[in-house]
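Participant: Could you have a look at this structure, given as structure tokens, before my questions?
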Amino acid sequence: MSRALRNVIVLASCLGALSCSGSSSESAGAGGSQQGVGGSVSGGSGMKATGGGNATAGSGGLNNGSGGTAGPGGAAASGGNASGGGTSANTGGSTADRSGTGGAPTGGTSSTTAGSGNIGGSATGGTIAAGGTTGGSASGGTSNRGGASTGGGSTGVTTTGGVSTGGASSGVKATGGASTATGGATSASTCGTEQYTKPTQAPTDEDGSELWLRYRKVPVPGCLSEYQAAITQIVKAGSSATLQAAQSELVKGLSGLTGKTIPVNDQPSSDGAVVLGTPASSTLVSSLSLGTSLTAVGNEGYLVKATTVGGKAAIVVAANTDVGVLRGSFALLRQLQMHHTLQGLSLSESPKIQRRILDHWDNLDGTVERGYAGKSLWNWGSLPGTISQRYIDYARANASIGINGVVLNNVNASAQFLTSQNLDKVAALATAFRPYGITVYLSAQFASPVQLGGLSTADPLNASVKQWWVTQVNTIYQKIPDFGGFLVKAGSESQPGPGDYGRTHADGANMLAAAVTPHGGIVMWRAFVYTDNGSDRIGQAYNEFKPLDGKFSSGVVVQVKNGPLDFQPREPFHQLFGAMPSTPLGLELQITKEYLGEDTHLVYLGPLYEEVLKSDTYAKGQGSTVARVIDGTTHGYTTTAMAGVANIGTDTNWTGSHFNQANWYVFGRMAWDPDATAQNIADEWVRQTFTNDPAFVTPVTTIMMGSRQMAVNYMTPIGLAHQMATDNHYGPGPWVSNLSQADWNPVYFAKADANGIGFDRTSTGSNTLSQYFATVRDKFASKTTIPDDFLLFFQHMGWDNTLSSSGRTIWNELVYRYSYGVDQVSTMRNSWTSVQGYIDAKRYTDVSGFMQIQHYEARWWRDACLQYFASVSKHTIPAGYAAPAQNLAYYQNLMSTCPADVTKPRCPAIYTGTPSPAILP
């Protein structure tokens, strides 16, 4: 690895941190990049970048104790130690003008101590690292990804050959280490331990249309030879459409990955057969006595394992249902795509959430509300007669990550979706999706009995209204026997609801549930409600829904956004989680990044999702996390659901930008397993979407993991929220105060005045904090214990109050965070430059162009917000920071021209000059 790349990896390690000081011991599974911390810190006068303790890896990968670059005026960076089963390096080294302490001076030293899972069971396996260190990792070691993981915080992700990346997720069996080949011969696989070679010329251009389902021939010979030997044929699946879909995917994927056409045979004719099916569909599967293991994985789970069938080495993909077989087939393909060994293969996995649903905010005219990836995927004009291949590829992609439901239309629903003509179109999509285990739902317009049925009322207690819905639903199920049910937005943002008739949310939801539950459907009733009634907006959903706990009928799920406000870059978890023990609550997340840079800014949402899922409600004491609430563990919910607002459209790459695909992917994987880690999933996605070469995977996953915090820094630091421009929510508008409803105005949320900033939600303010359980409430109510990330969300602070965490005043902390966020984008761009040549030029260039836009717009956010807050607070930008490029009036006037197109938002007027450094050197 070049010295420049090592430097970039160290710099990129700071993307997710506000400082690179401190750190105890960092642990990673195989193949990850872990720093003790270190990296690039751009700080104010006297800032210090210090390394931490030891970074330990299961094996291989790039492991940096720390090192890095000191901030302006700061002290030298200190090094640390890294050890692992594969390549490791003690690093410190030196660069011009900055020196590291601790670790080896230059050249690095190697640790040959094996991690717990070097493939083949070798006790040693490190190779001597070569090259200068400059505070980063030394290069020249093997690029192995074997070894048991020691990182993460959850229990059990499926692993093979001892391979894991950064911690486990729940419910899955790990097997491996040294492998015994089927048939009795013992051998050590080289798959996953091989050196990758940077392409001598850029790979063939790709447009992103294949998503993560790219089945390119494996480029490393050890893995390739293992796969070619282990997979020689596919045994014909059953005749169902789902089993045929599984078989077709395996033929396509295994042929592509092995570089050989994989035939389909009636029976195993040699070693290397892939046998798939259920005990009911396959006599071969039923002969394997998998009963106990299959029972454990339920209806959608699967087993994938190396075994013998008729005395011949084989891989079996087995499940209780055809859909389970399909999911297992994608799991097998993922093993090969990620270059994991197949020796000792044993995967066993099942979902923790029953209904894992994409919510499309698509309209009949082809527009998509909050859509930034082109037009609606659904071509209503050509349906039902034409089923596009795009629909099938969409279903394949969803099936591969465990999504099993799709709401086809906008929550701001049109009653026209319920006409017979349009239901025929919906039925055609349902037929196309059914083989892939995907059920269709519709958003229901609550006033449909009036708008479509000619009734004079939509009162949910009116007998004629009830009968209208029963008749309508019966018609739907005649056309779509497996229809999933309704999603409803009612009584919010001008949408009609039961409150219009003096009824409760429970009255409305129960009326619809009475129509759909006899058919097996459910009603997902959204809790996103607020009105201009003078109360604190974030408390209104709790006030309306908490008293109704226990009054919703079976078949109703109350769908709650991750936070109490509205999909902000950061906000606390919603206080309804844990507060309704007798009512199933489903989690609603946003994938489309309405408030996070939309299609342009690189923001990986995995850390946001993980942060929410791991948040502890303390509903039943410690451990009552949001994940445990929504999966039914805490309160015994019998119906569980998780929904994501989709970011998919007609753009060739599906999601507006290549990296936005990762947010679709991580939603599906976390809906399947809420205990999965964002780091692991980022690693999976990068390897499948781009390349398995650690020289690319390590810096890119580091970029992804730091990207959400980076955006929070330059948009809404230390607990600010909803500072976006009016309506389009693109770009800054902290000064907006003229909208008709108070809580549509950013000034409502910042509460910035001459004395201070922040929304007081403690007992001295709105007291909305009282809606949380005591442990959370008390933590957030105290200025000494509240995390900085939520400070201004719950507390009003004086501009000159001092933060104990940094020693800076509130004003200086805002200046620092906004500025640091801008410079983090610069670091990200440098890191991306270092991986040029590892992937095709088209996608590399596409990403580079968007990063440049993001850099300019991050500076726009910083300069506009600081100019406004300076004008209110009468403070000035302290020394050591760049002055804003324009005056406040300039940024306020931009609101009339930027963006010109809200579906592809851009603001070219600010794409001038040099955005960084915002913190001066």
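To be explicit about the labels: the chains of the structure tokens are called A, B, and onward in the order shown, and within each one the residues are counted from 1, while ligands get numbers from 1 in the order they are shown.
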Excluding region 258-264 of chain A and residues on its chain fewer than 2 positions from it, collect all residues at most 7 Å away from it, counting only C-alpha atoms, and give them as an NGL selection string.
Facilitator: :A and (217-218 or 224 or 227-228 or 232-236 or 251 or 254-256 or 266)
Participant: Create the file for the chosen residues now, containing N, CA and C atoms and written as a PDB file, in the first residue's frame.
Facilitator:
ATOM      1  N   LYS A 217     -16.912 -12.627 -12.131  1.00  0.00           N
ATOM      2  CA  LYS A 217     -16.003 -13.743 -11.896  1.00  0.00           C
ATOM      3  C   LYS A 217     -15.003 -13.378 -10.800  1.00  0.00           C
ATOM      4  N   VAL A 218     -14.824 -14.274  -9.846  1.00  0.00           N
ATOM      5  CA  VAL A 218     -13.948 -14.027  -8.708  1.00  0.00           C
ATOM      6  C   VAL A 218     -12.518 -13.820  -9.208  1.00  0.00           C
ATOM      7  N   LEU A 224     -11.429 -18.675  -6.363  1.00  0.00           N
ATOM      8  CA  LEU A 224     -12.030 -19.135  -7.612  1.00  0.00           C
ATOM      9  C   LEU A 224     -11.919 -20.653  -7.748  1.00  0.00           C
ATOM     10  N   TYR A 227     -14.293 -22.376  -5.312  1.00  0.00           N
ATOM     11  CA  TYR A 227     -15.688 -22.294  -5.726  1.00  0.00           C
ATOM     12  C   TYR A 227     -15.971 -23.205  -6.929  1.00  0.00           C
ATOM     13  N   GLN A 228     -15.030 -23.232  -7.864  1.00  0.00           N
ATOM     14  CA  GLN A 228     -15.240 -24.080  -9.044  1.00  0.00           C
ATOM     15  C   GLN A 228     -15.286 -25.562  -8.674  1.00  0.00           C
ATOM     16  N   THR A 232     -20.463 -27.443  -8.934  1.00  0.00           N
ATOM     17  CA  THR A 232     -20.368 -27.947 -10.306  1.00  0.00           C
ATOM     18  C   THR A 232     -21.720 -28.096 -10.980  1.00  0.00           C
ATOM     19  N   GLN A 233     -22.791 -28.064 -10.187  1.00  0.00           N
ATOM     20  CA  GLN A 233     -24.121 -28.269 -10.740  1.00  0.00           C
ATOM     21  C   GLN A 233     -25.170 -27.812  -9.735  1.00  0.00           C
ATOM     22  N   ILE A 234     -26.350 -27.576 -10.217  1.00  0.00           N
ATOM     23  CA  ILE A 234     -27.501 -27.269  -9.367  1.00  0.00           C
ATOM     24  C   ILE A 234     -28.532 -28.356  -9.599  1.00  0.00           C
ATOM     25  N   VAL A 235     -29.018 -28.918  -8.517  1.00  0.00           N
ATOM     26  CA  VAL A 235     -30.046 -29.941  -8.649  1.00  0.00           C
ATOM     27  C   VAL A 235     -31.387 -29.250  -8.813  1.00  0.00           C
ATOM     28  N   LYS A 236     -32.136 -29.650  -9.788  1.00  0.00           N
ATOM     29  CA  LYS A 236     -33.380 -29.001 -10.168  1.00  0.00           C
ATOM     30  C   LYS A 236     -34.295 -28.791  -8.981  1.00  0.00           C
ATOM     31  N   VAL A 251     -28.326 -20.045 -10.815  1.00  0.00           N
ATOM     32  CA  VAL A 251     -27.678 -20.285 -12.110  1.00  0.00           C
ATOM     33  C   VAL A 251     -26.960 -19.017 -12.559  1.00  0.00           C
ATOM     34  N   LEU A 254     -24.047 -18.107  -9.644  1.00  0.00           N
ATOM     35  CA  LEU A 254     -22.932 -19.047  -9.517  1.00  0.00           C
ATOM     36  C   LEU A 254     -22.162 -19.165 -10.824  1.00  0.00           C
ATOM     37  N   SER A 255     -22.853 -19.087 -11.936  1.00  0.00           N
ATOM     38  CA  SER A 255     -22.145 -19.115 -13.228  1.00  0.00           C
ATOM     39  C   SER A 255     -21.263 -17.883 -13.382  1.00  0.00           C
ATOM     40  N   GLY A 256     -21.801 -16.729 -13.010  1.00  0.00           N
ATOM     41  CA  GLY A 256     -21.011 -15.508 -13.117  1.00  0.00           C
ATOM     42  C   GLY A 256     -19.813 -15.511 -12.192  1.00  0.00           C
ATOM     43  N   ASP A 266     -31.170 -33.227 -12.778  1.00  0.00           N
ATOM     44  CA  ASP A 266     -32.273 -33.799 -12.005  1.00  0.00           C
ATOM     45  C   ASP A 266     -31.802 -34.386 -10.685  1.00  0.00           C
TER      46      ASP A 266
END
Participant: Could you tell me which of A:Ile630, A:Ala900, A:Asp616, A:Thr764 comes closest to Tyr730 (chain A) if we count only C-alpha atoms?
Facilitator: A:Ala900
Participant: Any idea what's packed within 10 Å of region 461-474 of chain A, counting only C-alpha atoms, ignoring anything in its chain fewer than 4 positions away? Could you give it as a PyMOL selection string?
Facilitator: chain A and resi 418-420+447-450+453+455-457+478-481+483+485-486+498+501+503+507-508+510-516+518-519+521
Participant: How would the residues just chosen look if you wrote them out with N, CA, C and O atoms as a CSV table (one decimal), in the first residue's frame?
Facilitator:
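Saved as selection.csv:
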chain,number,residue,atom,x,y,z
A,418,LEU,N,-58.1,3.0,-5.2
A,418,LEU,CA,-59.0,1.9,-4.8
A,418,LEU,C,-60.1,1.7,-5.9
A,418,LEU,O,-61.0,0.9,-5.7
A,419,THR,N,-60.0,2.4,-7.0
A,419,THR,CA,-60.9,2.1,-8.1
A,419,THR,C,-60.6,0.7,-8.7
A,419,THR,O,-59.4,0.2,-8.6
A,420,SER,N,-61.6,0.1,-9.3
A,420,SER,CA,-61.4,-1.3,-9.9
A,420,SER,C,-60.3,-1.3,-10.9
A,420,SER,O,-59.4,-2.2,-10.9
A,447,ALA,N,-60.8,9.4,3.8
A,447,ALA,CA,-62.1,10.0,3.3
A,447,ALA,C,-62.6,9.3,2.1
A,447,ALA,O,-63.5,9.8,1.4
A,448,SER,N,-62.0,8.1,1.7
A,448,SER,CA,-62.4,7.5,0.5
A,448,SER,C,-63.9,7.2,0.4
A,448,SER,O,-64.5,7.3,-0.7
A,449,PRO,N,-64.6,6.9,1.5
A,449,PRO,CA,-66.1,6.7,1.4
A,449,PRO,C,-66.8,7.9,0.8
A,449,PRO,O,-67.8,7.8,0.1
A,450,VAL,N,-66.2,9.1,1.1
A,450,VAL,CA,-66.8,10.3,0.6
A,450,VAL,C,-66.3,10.6,-0.8
A,450,VAL,O,-67.1,10.8,-1.7
A,453,GLY,N,-66.9,6.8,-2.7
A,453,GLY,CA,-68.1,6.0,-2.5
A,453,GLY,C,-69.4,6.8,-2.5
A,453,GLY,O,-70.5,6.3,-2.5
A,455,LEU,N,-70.6,8.7,-0.2
A,455,LEU,CA,-71.2,8.9,1.1
A,455,LEU,C,-71.0,10.3,1.6
A,455,LEU,O,-70.2,11.0,1.1
A,456,SER,N,-71.9,10.7,2.5
A,456,SER,CA,-71.8,12.0,3.0
A,456,SER,C,-70.8,12.2,4.2
A,456,SER,O,-70.6,13.3,4.7
A,457,THR,N,-70.3,11.1,4.7
A,457,THR,CA,-69.4,11.1,5.8
A,457,THR,C,-68.4,10.0,5.7
A,457,THR,O,-68.6,9.0,5.0
A,478,GLN,N,-60.4,-10.3,-3.6
A,478,GLN,CA,-60.7,-11.1,-4.7
A,478,GLN,C,-59.7,-11.0,-5.8
A,478,GLN,O,-59.4,-11.9,-6.5
A,479,LYS,N,-59.1,-9.8,-5.9
A,479,LYS,CA,-58.1,-9.5,-7.0
A,479,LYS,C,-56.7,-9.9,-6.5
A,479,LYS,O,-55.8,-10.3,-7.3
A,480,ILE,N,-56.5,-9.7,-5.2
A,480,ILE,CA,-55.1,-9.9,-4.6
A,480,ILE,C,-55.3,-10.7,-3.3
A,480,ILE,O,-55.4,-10.1,-2.2
A,481,PRO,N,-55.3,-12.0,-3.4
A,481,PRO,CA,-55.6,-12.8,-2.2
A,481,PRO,C,-54.6,-12.7,-1.1
A,481,PRO,O,-55.0,-12.9,0.1
A,483,PHE,N,-53.1,-9.7,-0.3
A,483,PHE,CA,-52.9,-8.3,0.0
A,483,PHE,C,-52.6,-8.1,1.5
A,483,PHE,O,-53.1,-8.7,2.4
A,485,GLY,N,-52.6,-5.2,3.4
A,485,GLY,CA,-53.3,-4.4,4.3
A,485,GLY,C,-53.1,-2.9,3.9
A,485,GLY,O,-52.6,-2.6,2.8
A,486,PHE,N,-53.5,-2.0,4.9
A,486,PHE,CA,-53.4,-0.6,4.6
A,486,PHE,C,-52.4,0.1,5.5
A,486,PHE,O,-52.2,-0.2,6.7
A,498,PRO,N,-60.2,10.4,11.7
A,498,PRO,CA,-61.3,10.3,12.5
A,498,PRO,C,-61.6,11.5,13.4
A,498,PRO,O,-62.7,11.7,13.9
A,501,TYR,N,-64.4,13.8,12.9
A,501,TYR,CA,-65.7,13.4,13.3
A,501,TYR,C,-65.8,13.2,14.8
A,501,TYR,O,-66.8,12.6,15.3
A,503,ARG,N,-63.8,11.5,16.6
A,503,ARG,CA,-63.5,10.1,17.0
A,503,ARG,C,-61.9,10.0,17.2
A,503,ARG,O,-61.2,10.9,16.9
A,507,ASP,N,-60.6,4.5,17.0
A,507,ASP,CA,-61.8,4.3,16.3
A,507,ASP,C,-61.6,4.1,14.8
A,507,ASP,O,-62.2,3.2,14.1
A,508,GLY,N,-60.7,4.9,14.2
A,508,GLY,CA,-60.5,4.9,12.8
A,508,GLY,C,-59.7,3.6,12.4
A,508,GLY,O,-60.1,2.9,11.4
A,510,ASN,N,-59.5,0.8,14.1
A,510,ASN,CA,-60.3,-0.5,14.3
A,510,ASN,C,-61.3,-0.7,13.2
A,510,ASN,O,-61.6,-1.8,12.9
A,511,MET,N,-61.9,0.4,12.7
A,511,MET,CA,-62.8,0.2,11.6
A,511,MET,C,-62.2,-0.4,10.4
A,511,MET,O,-62.8,-1.3,9.8
A,512,LEU,N,-61.0,0.0,10.0
A,512,LEU,CA,-60.3,-0.6,8.9
A,512,LEU,C,-59.8,-2.0,9.2
A,512,LEU,O,-59.9,-2.9,8.3
A,513,ALA,N,-59.4,-2.2,10.4
A,513,ALA,CA,-58.9,-3.5,10.8
A,513,ALA,C,-60.1,-4.6,10.7
A,513,ALA,O,-59.8,-5.7,10.4
A,514,ALA,N,-61.3,-4.1,11.1
A,514,ALA,CA,-62.4,-5.1,11.0
A,514,ALA,C,-62.6,-5.6,9.6
A,514,ALA,O,-63.2,-6.7,9.4
A,515,ALA,N,-62.2,-4.7,8.6
A,515,ALA,CA,-62.4,-5.1,7.2
A,515,ALA,C,-61.3,-6.0,6.7
A,515,ALA,O,-61.5,-7.0,6.0
A,516,VAL,N,-60.0,-5.8,7.2
A,516,VAL,CA,-58.9,-6.5,6.6
A,516,VAL,C,-58.4,-7.7,7.4
A,516,VAL,O,-57.9,-8.7,6.8
A,518,PRO,N,-60.0,-10.2,8.8
A,518,PRO,CA,-60.5,-11.5,8.5
A,518,PRO,C,-59.8,-12.2,7.3
A,518,PRO,O,-59.8,-13.4,7.1
A,519,HIS,N,-59.1,-11.4,6.5
A,519,HIS,CA,-58.4,-11.9,5.3
A,519,HIS,C,-56.9,-12.1,5.6
A,519,HIS,O,-56.1,-12.5,4.8
A,521,GLY,N,-54.9,-9.5,6.7
A,521,GLY,CA,-54.2,-8.2,6.6
A,521,GLY,C,-54.1,-7.4,7.9
A,521,GLY,O,-54.7,-7.8,8.9
Participant: Within 9 Å of Val822 (chain A), counting only C-alpha atoms, which residues qualify if same-chain residues fewer than 6 places away don't, as a PyMOL selection string?
Facilitator: chain A and resi 710-711+713-714+855-859+861-862+915-919
Participant: Mind pulling up the distance from CA of Gln590 (chain A) to CA of Gly731 (chain A)?
Facilitator: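 Separation of CA of Gly731 (chain A) and CA of Gln590 (chain A): 18.3 Å.
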Participant: Give me every strand (DSSP E or B) residue in region 381-544 of chain A, going by DSSP on the backbone, as a list in words.
Facilitator: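 Checking each residue of region 381-544 of chain A, the strand (DSSP E or B) ones are Gly405, Val406, Val407, Thr439, Val440, Tyr441, Leu442, Ser443, Gly485, Phe486, Leu487, Val488, Ile522, Val523, Met524, Trp525 and Arg526 of chain A.
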Participant: Convert the current residue selection to file output with N, CA, C and O atoms, as a compact mmCIF listing (two decimals), in the first residue's frame.
Facilitator:
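Below is the file that was written, again-v2.txt:
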# COMPACT_ATOMS: atom_id res chain seq x y z
N GLY A 405 -42.44 -6.76 2.03
CA GLY A 405 -43.66 -6.01 1.79
C GLY A 405 -43.37 -4.68 1.13
O GLY A 405 -42.30 -4.08 1.34
N VAL A 406 -44.33 -4.20 0.34
CA VAL A 406 -44.17 -2.93 -0.38
C VAL A 406 -45.49 -2.17 -0.33
O VAL A 406 -46.53 -2.70 -0.76
N VAL A 407 -45.47 -0.95 0.21
CA VAL A 407 -46.60 -0.03 0.09
C VAL A 407 -46.37 0.75 -1.19
O VAL A 407 -45.37 1.46 -1.32
N THR A 439 -45.23 -8.98 -0.50
CA THR A 439 -46.66 -8.69 -0.44
C THR A 439 -46.87 -7.20 -0.68
O THR A 439 -46.09 -6.37 -0.22
N VAL A 440 -47.95 -6.86 -1.39
CA VAL A 440 -48.25 -5.46 -1.64
C VAL A 440 -49.27 -4.94 -0.63
O VAL A 440 -50.16 -5.65 -0.17
N TYR A 441 -49.10 -3.65 -0.29
CA TYR A 441 -50.00 -2.90 0.58
C TYR A 441 -50.37 -1.62 -0.16
O TYR A 441 -49.71 -1.23 -1.12
N LEU A 442 -51.39 -0.93 0.34
CA LEU A 442 -51.75 0.38 -0.19
C LEU A 442 -51.93 1.38 0.94
O LEU A 442 -52.41 1.01 2.03
N SER A 443 -51.53 2.61 0.69
CA SER A 443 -51.91 3.70 1.58
C SER A 443 -53.37 4.03 1.31
O SER A 443 -53.77 4.20 0.15
N GLY A 485 -52.55 -5.23 3.41
CA GLY A 485 -53.34 -4.35 4.25
C GLY A 485 -53.11 -2.90 3.91
O GLY A 485 -52.60 -2.55 2.84
N PHE A 486 -53.45 -2.02 4.87
CA PHE A 486 -53.41 -0.59 4.63
C PHE A 486 -52.40 0.11 5.52
O PHE A 486 -52.21 -0.24 6.69
N LEU A 487 -51.78 1.15 4.93
CA LEU A 487 -51.01 2.15 5.68
C LEU A 487 -51.85 3.42 5.69
O LEU A 487 -52.39 3.81 4.64
N VAL A 488 -51.98 4.07 6.84
CA VAL A 488 -52.87 5.22 6.93
C VAL A 488 -52.17 6.40 7.59
O VAL A 488 -51.60 6.27 8.68
N ILE A 522 -53.32 -6.37 7.82
CA ILE A 522 -53.14 -5.51 8.99
C ILE A 522 -53.36 -4.06 8.59
O ILE A 522 -53.38 -3.72 7.39
N VAL A 523 -53.51 -3.22 9.58
CA VAL A 523 -53.57 -1.78 9.40
C VAL A 523 -52.36 -1.17 10.11
O VAL A 523 -52.15 -1.41 11.30
N MET A 524 -51.57 -0.41 9.36
CA MET A 524 -50.43 0.32 9.93
C MET A 524 -50.84 1.78 10.04
O MET A 524 -50.93 2.48 9.04
N TRP A 525 -51.12 2.21 11.26
CA TRP A 525 -51.66 3.54 11.51
C TRP A 525 -50.52 4.44 11.98
O TRP A 525 -49.95 4.23 13.04
N ARG A 526 -50.18 5.45 11.18
CA ARG A 526 -49.02 6.28 11.48
C ARG A 526 -49.29 7.20 12.66
O ARG A 526 -50.37 7.79 12.78
Participant: Quick one: everything within 7 Å of region 379-393 of chain A, counting only C-alpha atoms, minus sequence neighbours fewer than 4 positions away in the same chain. Send it as a list in words.
Facilitator: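 Returned residues: Leu364, Ala397, Asp424, Lys425, Ala428 and Ala432 of chain A.
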Participant: CA of Asn830 (chain A) to CA of Phe659 (chain A): how many Å, to one decimal?
Facilitator: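 Separation between CA of Asn830 (chain A) and CA of Phe659 (chain A): 16.8 Å.
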Participant: Determine the nearest neighbour of Leu332 (chain A) from the options A:Ala313, A:Tyr196, A:Leu257, A:Leu288, counting only C-alpha atoms.
Facilitator: A:Leu257
Participant: Sorted by chain and rising residue number, list the residues of region 624-650 of chain A at most 10 Å from region 551-567 of chain A (counting only C-alpha atoms), each with its closest atom pair and distance in Å to one decimal, as a Markdown table.
Facilitator:
| residue | atom | partner | partner_atom | distance |
| --- | --- | --- | --- | --- |
| A:Val626 | CA | A:Asn562 | CA | 9.1 |
| A:Tyr637 | CA | A:Val557 | CA | 9.7 |
| A:Thr638 | CA | A:Ser554 | CA | 9.0 |
| A:Thr639 | CA | A:Val557 | CA | 7.4 |
| A:Thr640 | CA | A:Val557 | CA | 7.8 |
| A:Ala641 | CA | A:Val557 | CA | 7.6 |
| A:Met642 | CA | A:Gln559 | CA | 8.1 |
| A:Ala643 | CA | A:Gln559 | CA | 8.1 |
| A:Gly644 | CA | A:Lys561 | CA | 9.6 |
Participant: Of the candidates A:Ser400, A:Thr650, A:Gln445, A:Asn812, which shows the shortest atom-to-atom distance to Gln416 (chain A), using only C-alpha atoms?
Facilitator: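 Smallest distance to Gln416 (chain A) is found for A:Gln445.
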Participant: CA of Ser494 (chain A) and CA of Val368 (chain A), how far apart in Å?
Facilitator: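 One can read the CA of Val368 (chain A) to CA of Ser494 (chain A) distance as 18.5 Å.
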Participant: Using only C-alpha atoms, which protein or nucleic acid residues come within 9 Å of Ala678 (chain A)? Drop anything in the same chain fewer than 3 positions from it, and give the result as a list in words.
Facilitator: Leu605, Gly606, Pro607, Leu608, Tyr609, Glu610, Val666, Met670, Ile681, Ala682, Asp683 and Met705 of chain A
Participant: With N, CA, C and O atoms retained, write the just-selected residues as a PDB file, in the first residue's frame.
Facilitator:
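Output contents, as saved in part_25.pdb:
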ATOM      1  N   LEU A 605     -26.850   5.772   6.231  1.00  0.00           N
ATOM      2  CA  LEU A 605     -27.790   5.845   7.335  1.00  0.00           C
ATOM      3  C   LEU A 605     -27.693   4.691   8.327  1.00  0.00           C
ATOM      4  O   LEU A 605     -28.403   4.693   9.333  1.00  0.00           O
ATOM      5  N   GLY A 606     -26.811   3.730   8.063  1.00  0.00           N
ATOM      6  CA  GLY A 606     -26.674   2.611   8.997  1.00  0.00           C
ATOM      7  C   GLY A 606     -26.402   3.053  10.429  1.00  0.00           C
ATOM      8  O   GLY A 606     -27.046   2.563  11.374  1.00  0.00           O
ATOM      9  N   PRO A 607     -25.466   3.981  10.672  1.00  0.00           N
ATOM     10  CA  PRO A 607     -25.234   4.427  12.048  1.00  0.00           C
ATOM     11  C   PRO A 607     -26.452   5.097  12.677  1.00  0.00           C
ATOM     12  O   PRO A 607     -26.675   4.957  13.885  1.00  0.00           O
ATOM     13  N   LEU A 608     -27.248   5.815  11.895  1.00  0.00           N
ATOM     14  CA  LEU A 608     -28.474   6.411  12.427  1.00  0.00           C
ATOM     15  C   LEU A 608     -29.441   5.315  12.862  1.00  0.00           C
ATOM     16  O   LEU A 608     -30.002   5.357  13.966  1.00  0.00           O
ATOM     17  N   TYR A 609     -29.658   4.327  11.974  1.00  0.00           N
ATOM     18  CA  TYR A 609     -30.567   3.231  12.309  1.00  0.00           C
ATOM     19  C   TYR A 609     -30.087   2.483  13.552  1.00  0.00           C
ATOM     20  O   TYR A 609     -30.873   2.165  14.451  1.00  0.00           O
ATOM     21  N   GLU A 610     -28.789   2.208  13.585  1.00  0.00           N
ATOM     22  CA  GLU A 610     -28.240   1.463  14.719  1.00  0.00           C
ATOM     23  C   GLU A 610     -28.381   2.251  16.017  1.00  0.00           C
ATOM     24  O   GLU A 610     -28.700   1.692  17.073  1.00  0.00           O
ATOM     25  N   VAL A 666     -29.024  -1.360   3.760  1.00  0.00           N
ATOM     26  CA  VAL A 666     -28.905  -1.474   5.215  1.00  0.00           C
ATOM     27  C   VAL A 666     -30.283  -1.507   5.873  1.00  0.00           C
ATOM     28  O   VAL A 666     -30.468  -2.165   6.903  1.00  0.00           O
ATOM     29  N   MET A 670     -31.169  -4.590   8.362  1.00  0.00           N
ATOM     30  CA  MET A 670     -31.491  -4.321   9.762  1.00  0.00           C
ATOM     31  C   MET A 670     -32.950  -4.624  10.085  1.00  0.00           C
ATOM     32  O   MET A 670     -33.273  -4.915  11.238  1.00  0.00           O
ATOM     33  N   ILE A 681     -22.647  -4.308   7.871  1.00  0.00           N
ATOM     34  CA  ILE A 681     -23.490  -4.197   6.681  1.00  0.00           C
ATOM     35  C   ILE A 681     -22.823  -3.309   5.639  1.00  0.00           C
ATOM     36  O   ILE A 681     -22.913  -3.581   4.436  1.00  0.00           O
ATOM     37  N   ALA A 682     -22.151  -2.252   6.079  1.00  0.00           N
ATOM     38  CA  ALA A 682     -21.393  -1.431   5.131  1.00  0.00           C
ATOM     39  C   ALA A 682     -20.338  -2.272   4.426  1.00  0.00           C
ATOM     40  O   ALA A 682     -20.153  -2.173   3.203  1.00  0.00           O
ATOM     41  N   ASP A 683     -19.645  -3.100   5.186  1.00  0.00           N
ATOM     42  CA  ASP A 683     -18.628  -3.974   4.616  1.00  0.00           C
ATOM     43  C   ASP A 683     -19.239  -4.912   3.569  1.00  0.00           C
ATOM     44  O   ASP A 683     -18.702  -5.079   2.470  1.00  0.00           O
ATOM     45  N   MET A 705     -19.014   5.053   7.521  1.00  0.00           N
ATOM     46  CA  MET A 705     -19.339   5.031   8.946  1.00  0.00           C
ATOM     47  C   MET A 705     -19.242   6.418   9.578  1.00  0.00           C
ATOM     48  O   MET A 705     -19.897   6.703  10.568  1.00  0.00           O
TER      49      MET A 705
END
Participant: Just checking: using only C-alpha atoms, which residue out of A:Thr625, A:Ser834, A:Ser286, A:Tyr372 ends up closest to Phe573 (chain A)?
Facilitator: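 Closest residue, counting only C-alpha atoms: A:Thr625.
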Participant: Skipping near chain neighbours, those fewer than 6 positions away, what residues fall within 10 Å of region 206-208 of chain A using only C-alpha atoms, listed as a PyMOL selection string?
Facilitator: chain A and resi 214+651-655+657-659+661+689-690+839-844+846
Participant: I need the residue nearest Ala754 (chain A) from this list: A:Thr802, A:Tyr868, A:Thr698, A:Pro268. Use only C-alpha atoms for the distance.
Facilitator: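 Answer, going by the shortest atom-to-atom distance: A:Tyr868.
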